[in-house]
$ cat query22.csv   # CSV, C-alpha atoms and all ligand atoms
chain,number,residue,atom,x,y,z
A,1,MET,CA,55.3,92.2,209.2
A,2,THR,CA,58.2,90.0,210.2
A,3,ILE,CA,59.3,87.8,207.3
A,4,LYS,CA,62.6,86.1,207.7
A,5,ALA,CA,62.6,83.3,205.1
A,6,PHE,CA,61.2,82.0,201.9
A,7,ILE,CA,60.4,78.3,201.3
A,8,PHE,CA,60.4,77.5,197.6
A,9,ASP,CA,58.7,74.6,195.9
A,10,LEU,CA,60.9,73.2,193.2
A,11,ASP,CA,59.0,71.6,190.3
A,12,GLY,CA,57.2,74.5,188.4
A,13,VAL,CA,58.7,77.2,190.6
A,14,LEU,CA,62.5,77.2,190.3
A,15,THR,CA,62.6,74.9,187.2
A,16,ASP,CA,60.1,73.5,184.8
A,17,THR,CA,60.3,69.9,185.9
A,18,ALA,CA,56.5,70.0,186.3
A,19,GLU,CA,56.5,69.4,182.5
A,20,TYR,CA,58.8,66.4,182.8
A,21,HIS,CA,56.6,64.9,185.6
A,22,TYR,CA,53.6,65.4,183.2
A,23,ARG,CA,55.4,63.8,180.2
A,24,ALA,CA,56.5,60.8,182.3
A,25,TRP,CA,53.0,60.2,183.7
A,26,LYS,CA,51.5,60.7,180.2
A,27,ARG,CA,53.8,58.0,178.7
A,28,LEU,CA,52.8,55.6,181.5
A,29,ALA,CA,49.1,56.4,181.1
A,30,ASP,CA,49.3,55.9,177.3
A,31,GLU,CA,51.0,52.6,177.7
A,32,GLU,CA,48.4,51.5,180.2
A,33,GLY,CA,45.5,52.8,178.1
A,34,LEU,CA,44.5,55.2,180.9
A,35,PRO,CA,43.0,58.5,179.9
A,36,PHE,CA,45.2,61.4,181.0
A,37,THR,CA,45.3,65.0,179.7
A,38,ARG,CA,47.3,68.1,180.5
A,39,GLU,CA,44.2,69.4,182.3
A,40,ASP,CA,44.1,66.2,184.5
A,41,ASN,CA,47.8,66.9,185.2
A,42,GLU,CA,47.0,70.3,186.7
A,43,HIS,CA,45.5,68.5,189.7
A,44,LEU,CA,48.7,66.4,190.1
A,45,ARG,CA,51.0,69.4,190.6
A,46,GLY,CA,52.7,69.1,193.9
A,47,VAL,CA,51.1,65.8,194.6
A,48,ALA,CA,53.4,62.9,195.7
A,49,ARG,CA,54.2,60.0,193.4
A,50,ARG,CA,51.9,57.4,195.0
A,51,ASP,CA,49.0,59.9,195.4
A,52,SER,CA,49.5,61.0,191.7
A,53,LEU,CA,49.2,57.4,190.5
A,54,ARG,CA,46.1,56.9,192.5
A,55,LEU,CA,44.5,60.0,190.9
A,56,ILE,CA,45.5,58.8,187.4
A,57,LEU,CA,44.0,55.3,188.0
A,58,LYS,CA,40.8,56.8,189.3
A,59,ASP,CA,38.5,53.8,190.0
A,60,ARG,CA,40.9,51.2,188.6
A,61,VAL,CA,42.2,48.9,191.3
A,62,VAL,CA,45.7,47.6,190.7
A,63,PRO,CA,47.5,45.0,193.0
A,64,GLU,CA,50.3,46.6,195.1
A,65,GLY,CA,53.1,44.9,193.1
A,66,LYS,CA,51.9,46.3,189.8
A,67,PHE,CA,51.2,49.7,191.5
A,68,GLN,CA,54.9,49.8,192.6
A,69,ALA,CA,56.1,48.7,189.2
A,70,MET,CA,54.1,51.5,187.6
A,71,MET,CA,55.5,54.1,189.9
A,72,GLU,CA,59.0,52.8,189.2
A,73,ARG,CA,58.4,52.9,185.4
A,74,LYS,CA,57.2,56.5,185.6
A,75,ASN,CA,60.2,57.5,187.7
A,76,GLY,CA,62.5,55.8,185.2
A,77,TYR,CA,61.0,58.0,182.5
A,78,TYR,CA,61.4,61.1,184.7
A,79,LEU,CA,65.0,60.3,185.5
A,80,GLU,CA,65.7,60.2,181.8
A,81,PHE,CA,64.4,63.7,181.5
A,82,ILE,CA,66.3,65.2,184.4
A,83,LYS,CA,69.6,63.7,183.2
A,84,GLU,CA,69.7,66.6,180.8
A,85,ILE,CA,69.1,69.4,183.3
A,86,THR,CA,71.8,72.1,183.6
A,87,PRO,CA,71.9,75.5,185.3
A,88,ARG,CA,70.3,76.9,182.1
A,89,ASP,CA,67.1,75.1,183.1
A,90,LEU,CA,66.5,77.5,186.1
A,91,LEU,CA,63.3,79.4,185.4
A,92,PRO,CA,63.7,83.1,184.7
A,93,GLY,CA,64.2,85.1,187.9
A,94,ALA,CA,64.8,82.1,190.2
A,95,LYS,CA,68.5,82.4,190.7
A,96,GLU,CA,68.4,86.2,190.8
A,97,LEU,CA,65.8,86.1,193.6
A,98,LEU,CA,67.7,83.5,195.6
A,99,GLU,CA,70.9,85.6,195.4
A,100,GLU,CA,69.0,88.7,196.3
A,101,LEU,CA,67.4,87.1,199.4
A,102,ARG,CA,70.7,85.8,200.6
A,103,ALA,CA,72.3,89.3,200.1
A,104,ALA,CA,69.5,90.8,202.1
A,105,GLY,CA,70.1,88.5,205.0
A,106,LEU,CA,66.9,86.5,204.5
A,107,LYS,CA,66.9,82.7,204.6
A,108,SER,CA,65.8,80.4,201.7
A,109,ALA,CA,64.7,76.7,201.9
A,110,LEU,CA,63.4,74.1,199.5
A,111,GLY,CA,60.1,72.4,200.2
A,112,SER,CA,59.6,69.9,197.5
A,113,ALA,CA,57.5,66.6,197.6
A,114,SER,CA,59.9,65.1,195.1
A,115,LYS,CA,62.3,62.3,196.0
A,116,ASN,CA,64.4,63.5,193.0
A,117,ALA,CA,64.7,67.1,194.4
A,118,GLY,CA,68.3,66.6,195.5
A,119,GLU,CA,69.5,65.5,192.1
A,120,VAL,CA,67.6,68.3,190.4
A,121,LEU,CA,69.1,70.9,192.8
A,122,ASP,CA,72.6,69.6,192.1
A,123,ARG,CA,72.1,69.7,188.4
A,124,LEU,CA,70.7,73.2,188.6
A,125,GLY,CA,73.7,74.2,190.7
A,126,ILE,CA,71.7,76.1,193.4
A,127,ARG,CA,72.2,73.9,196.5
A,128,SER,CA,74.6,76.5,198.0
A,129,LEU,CA,71.9,79.2,197.8
A,130,LEU,CA,69.6,77.2,200.1
A,131,ASP,CA,69.8,77.2,203.9
A,132,ALA,CA,67.7,74.0,204.2
A,133,VAL,CA,66.3,71.3,202.0
A,134,SER,CA,63.1,69.4,202.7
A,135,ASP,CA,62.1,66.9,200.1
A,136,GLY,CA,60.1,63.7,199.3
A,137,TYR,CA,62.1,61.8,202.0
A,138,SER,CA,61.6,64.4,204.8
A,139,VAL,CA,58.0,63.6,206.0
A,140,GLU,CA,55.3,61.0,205.8
A,141,ARG,CA,52.3,63.1,205.2
A,142,GLN,CA,52.6,64.9,201.8
A,143,LYS,CA,51.0,68.1,200.5
A,144,PRO,CA,48.3,69.3,201.1
A,145,ALA,CA,49.3,68.4,204.6
A,146,PRO,CA,51.6,71.2,206.0
A,147,ASP,CA,54.3,68.8,207.3
A,148,LEU,CA,56.9,69.3,204.6
A,149,PHE,CA,56.9,73.1,205.0
A,150,LEU,CA,56.9,72.7,208.8
A,151,HIS,CA,59.9,70.5,208.4
A,152,ALA,CA,61.7,73.2,206.4
A,153,ALA,CA,60.8,75.9,208.9
A,154,GLN,CA,62.0,73.8,211.7
A,155,GLN,CA,65.4,73.3,209.9
A,156,LEU,CA,65.6,77.1,209.6
A,157,GLY,CA,64.7,77.5,213.3
A,158,LEU,CA,61.7,79.8,212.4
A,159,PRO,CA,58.0,79.8,213.1
A,160,ALA,CA,55.7,79.3,210.1
A,161,SER,CA,54.4,82.9,210.5
A,162,GLU,CA,57.8,84.2,209.6
A,163,CYS,CA,58.2,82.1,206.4
A,164,VAL,CA,56.7,82.7,203.0
A,165,VAL,CA,55.9,79.6,200.9
A,166,VAL,CA,56.3,80.1,197.1
A,167,GLU,CA,54.2,77.5,195.2
A,168,ASP,CA,52.8,76.7,191.7
A,169,ALA,CA,50.4,74.0,193.0
A,170,ALA,CA,46.9,74.2,194.6
A,171,ALA,CA,48.0,71.4,197.0
A,172,GLY,CA,51.1,73.5,198.0
A,173,ILE,CA,49.1,76.6,198.7
A,174,GLU,CA,46.7,74.5,200.8
A,175,ALA,CA,49.6,73.1,202.7
A,176,ALA,CA,51.0,76.6,203.3
A,177,ILE,CA,47.7,77.9,204.7
A,178,ALA,CA,47.2,74.8,206.8
A,179,GLY,CA,50.6,75.3,208.4
A,180,GLY,CA,50.1,79.0,209.1
A,181,PHE,CA,52.6,80.2,206.5
A,182,ARG,CA,52.4,83.3,204.3
A,183,SER,CA,51.8,82.3,200.7
A,184,VAL,CA,52.7,83.4,197.2
A,185,GLY,CA,51.2,81.5,194.3
A,186,LEU,CA,52.7,81.3,190.8
A,187,GLY,CA,50.4,80.7,187.9
A,188,PRO,CA,46.8,81.0,187.0
A,189,ARG,CA,44.2,82.1,189.6
A,190,GLU,CA,42.2,78.9,189.0
A,191,ARG,CA,45.2,77.0,190.4
A,192,VAL,CA,46.7,79.2,193.1
A,193,GLY,CA,43.8,81.6,193.8
A,194,LYS,CA,43.9,80.8,197.5
A,195,ALA,CA,47.4,82.3,197.9
A,196,GLU,CA,47.8,85.7,199.6
A,197,ALA,CA,49.7,87.1,196.6
A,198,ILE,CA,49.8,85.8,193.0
A,199,PHE,CA,52.4,86.3,190.3
A,200,PRO,CA,52.5,84.6,186.8
A,201,SER,CA,56.0,83.3,187.5
A,202,LEU,CA,59.2,84.5,189.2
A,203,ALA,CA,60.4,86.3,186.0
A,204,GLY,CA,61.4,89.9,186.9
A,205,VAL,CA,60.1,89.4,190.5
A,206,ARG,CA,62.3,90.9,193.2
A,207,GLY,CA,62.1,90.4,197.0
A,208,ARG,CA,60.5,93.7,197.5
A,209,ASP,CA,57.7,92.8,195.0
A,210,LEU,CA,56.9,89.7,197.0
A,211,LEU,CA,57.0,91.5,200.4
A,212,GLY,CA,55.0,94.4,199.0
A,213,ALA,CA,52.2,92.2,197.6
A,214,LEU,CA,52.0,90.3,201.0
A,215,GLU,CA,51.9,93.5,202.9
A,216,ALA,CA,49.1,94.9,200.6
A,217,ASN,CA,47.2,91.7,201.2
A,218,GLN,CA,47.6,92.0,205.0
A,219,GLU,CA,46.2,95.5,205.0
A,220,LYS,CA,43.0,94.4,203.2
B,301,LIG,C1,56.3,67.3,193.2
B,301,LIG,C2,55.7,67.4,191.8
B,301,LIG,O1,57.2,68.4,193.4
B,301,LIG,O2,56.9,66.1,193.4
B,301,LIG,C3,54.8,66.2,191.5
B,301,LIG,O3,55.0,68.6,191.6
B,301,LIG,C4,55.5,64.9,191.8
B,301,LIG,O4,54.4,66.2,190.2
B,301,LIG,C5,56.1,65.0,193.3
B,301,LIG,O5,54.7,63.8,191.7
B,301,LIG,C6,56.9,63.7,193.6
B,301,LIG,O6,58.0,63.6,192.8
B,301,LIG,P1,58.9,62.3,192.7
B,301,LIG,O7,60.1,62.8,191.9
B,301,LIG,O8,59.3,61.9,194.1
B,301,LIG,O9,58.1,61.3,192.0
B,302,MG,MG,55.4,72.5,192.1

$ encode --input "query22.csv" --output "structure tokens"
Amino acid sequence: MTIKAFIFDLDGVLTDTAEYHYRAWKRLADEEGLPFTREDNEHLRGVARRDSLRLILKDRVVPEGKFQAMMERKNGYYLEFIKEITPRDLLPGAKELLEELRAAGLKSALGSASKNAGEVLDRLGIRSLLDAVSDGYSVERQKPAPDLFLHAAQQLGLPASECVVVEDAAAGIEAAIAGGFRSVGLGPRERVGKAEAIFPSLAGVRGRDLLGALEANQEK
């Protein structure tokens, strides 16, 4: 098994901004009288801003101008949340793993659909631990298309088969599989069950745990 790099999703993997995306959408939905629950939000994990709003609106048709304004309003609420982010908001295990991978000579990249990923990375103080960053500005086709992860792999100069995608979203795991990447899912099986290996979170997870779980899966 040749694994040379890990491509991490950001929201819900390295930091809990998935919760802030939810709260920002929830505020907008409440203001607009749109039904939207935490359960609905599970399907929005990893999904780009425009696609997320489409899912929230369901059958409701909104003129493009209003659609844009709604996306901007949600983003304004989200930006308020992330203003407060500090390195303390890294999820348990995230920084330790990035440091360990670097020390072991493996590469790490970010593959996040978010246009705010750069700001979040800087606030978390982990940009220097990443060899490449692909974000919401990097590609046209968003997850579950594989393009974003392929963009990250290209920046690393590696084929997909030598990179492991670490994701908390069903759309992200689908994207990884579609691109020919190895995959690690974080969270409940109902959400990331298609991943090759599954962990509840990165807390206490070392590089060898990830590699061991992938190897066990390959032998199956
Ligand atoms: C993903 C999040 O990382 O980025 C989604 O999981 C979010 O919830 C998407 O919609 C786009 O983020 P942004 O910051 O560009 O609206
Ligand atoms: Mg995510």

$ residues_near_ligand --input "query22.csv" --ligand "ligand LIG 301 (chain B)" --cutoff "6 Å" --atoms "all atoms listed in the file" --output "list in words"
Asp11, Ala18, His21, Leu44, Arg45, Gly46, Val47, Ala48, Arg49, Ser52, Ser112, Ala113, Ser114, Lys115, Asn116 and Gly136 of chain A

$ write_last_selection --input "query22.csv" --atoms "C-alpha atoms" --output "tab-separated table (two decimals), in the coordinates of the input"
chain	number	residue	atom	x	y	z
A	11	ASP	CA	59.00	71.60	190.30
A	18	ALA	CA	56.50	70.00	186.30
A	21	HIS	CA	56.60	64.90	185.60
A	44	LEU	CA	48.70	66.40	190.10
A	45	ARG	CA	51.00	69.40	190.60
A	46	GLY	CA	52.70	69.10	193.90
A	47	VAL	CA	51.10	65.80	194.60
A	48	ALA	CA	53.40	62.90	195.70
A	49	ARG	CA	54.20	60.00	193.40
A	52	SER	CA	49.50	61.00	191.70
A	112	SER	CA	59.60	69.90	197.50
A	113	ALA	CA	57.50	66.60	197.60
A	114	SER	CA	59.90	65.10	195.10
A	115	LYS	CA	62.30	62.30	196.00
A	116	ASN	CA	64.40	63.50	193.00
A	136	GLY	CA	60.10	63.70	199.30

$ residues_near_ligand --input "query22.csv" --ligand "ligand MG 302 (chain B)" --cutoff "12 Å" --atoms "all atoms listed in the file" --output "MDAnalysis selection string"
chainID A and resid 7:22 41:48 110:114 117 135 143:144 165:173 185:187 191:192 201

$ closest_residue --input "query22.csv" --among "A:Arg206, A:Leu34, A:Asp147, A:Leu158" --to "Leu57 (chain A)" --atoms "only C-alpha atoms"
A:Leu34

$ residues_around --input "query22.csv" --residues "Leu97 (chain A)" --least-positions-apart "6" --cutoff "12 Å" --atoms "all atoms listed in the file" --output "number ranges by chain"
A: 6, 8, 13-14, 90-91, 103-104, 106-108, 126, 129-130, 166, 201-210

$ closest_residue --input "query22.csv" --among "A:Pro146, A:Phe81, A:Asp51, A:Ala94" --to "Phe67 (chain A)" --atoms "all atoms listed in the file"
A:Asp51

$ atom_distance --input "query22.csv" --atom1 "CA of Ala197 (chain A)" --atom2 "CA of Glu100 (chain A)"
19.4 Å

$ closest_residue --input "query22.csv" --among "A:Lys83, A:Gly193, A:Ser134, A:Met70" --to "Glu31 (chain A)" --atoms "all atoms listed in the file"
A:Met70

$ atom_distance --input "query22.csv" --atom1 "CA of Lys4 (chain A)" --atom2 "CA of Val184 (chain A)"
14.7 Å

$ residues_around --input "query22.csv" --residues "Asp122 (chain A)" --least-positions-apart "4" --cutoff "10 Å" --atoms "all atoms listed in the file" --output "list in words"
Ile85, Thr86, Pro87, Ala117, Gly118, Ile126, Arg127 and Ser128 of chain A

$ residues_near_point --input "query22.csv" --point "(52.2, 60.7, 181.9)" --cutoff "10 Å" --atoms "all atoms listed in the file" --output "VMD selection string"
chain A and resid 19 to 31 34 to 38 41 53 56 74 77 to 78

$ closest_residue --input "query22.csv" --among "A:Leu211, A:Leu148, A:Val61, A:Met71" --to "Ala178 (chain A)" --atoms "only C-alpha atoms"
A:Leu148

$ closest_residue --input "query22.csv" --among "A:Ala213, A:Ala109, A:Ala176, A:Leu121" --to "Ala152 (chain A)" --atoms "only C-alpha atoms"
A:Ala109

$ residues_around --input "query22.csv" --residues "Ala160 (chain A)" --least-positions-apart "6" --cutoff "9 Å" --atoms "all atoms listed in the file" --output "ChimeraX atom specification"
/A:149-150,153-154,176,179-182

$ atom_distance --input "query22.csv" --atom1 "CA of Glu80 (chain A)" --atom2 "CA of Lys66 (chain A)"
21.2 Å
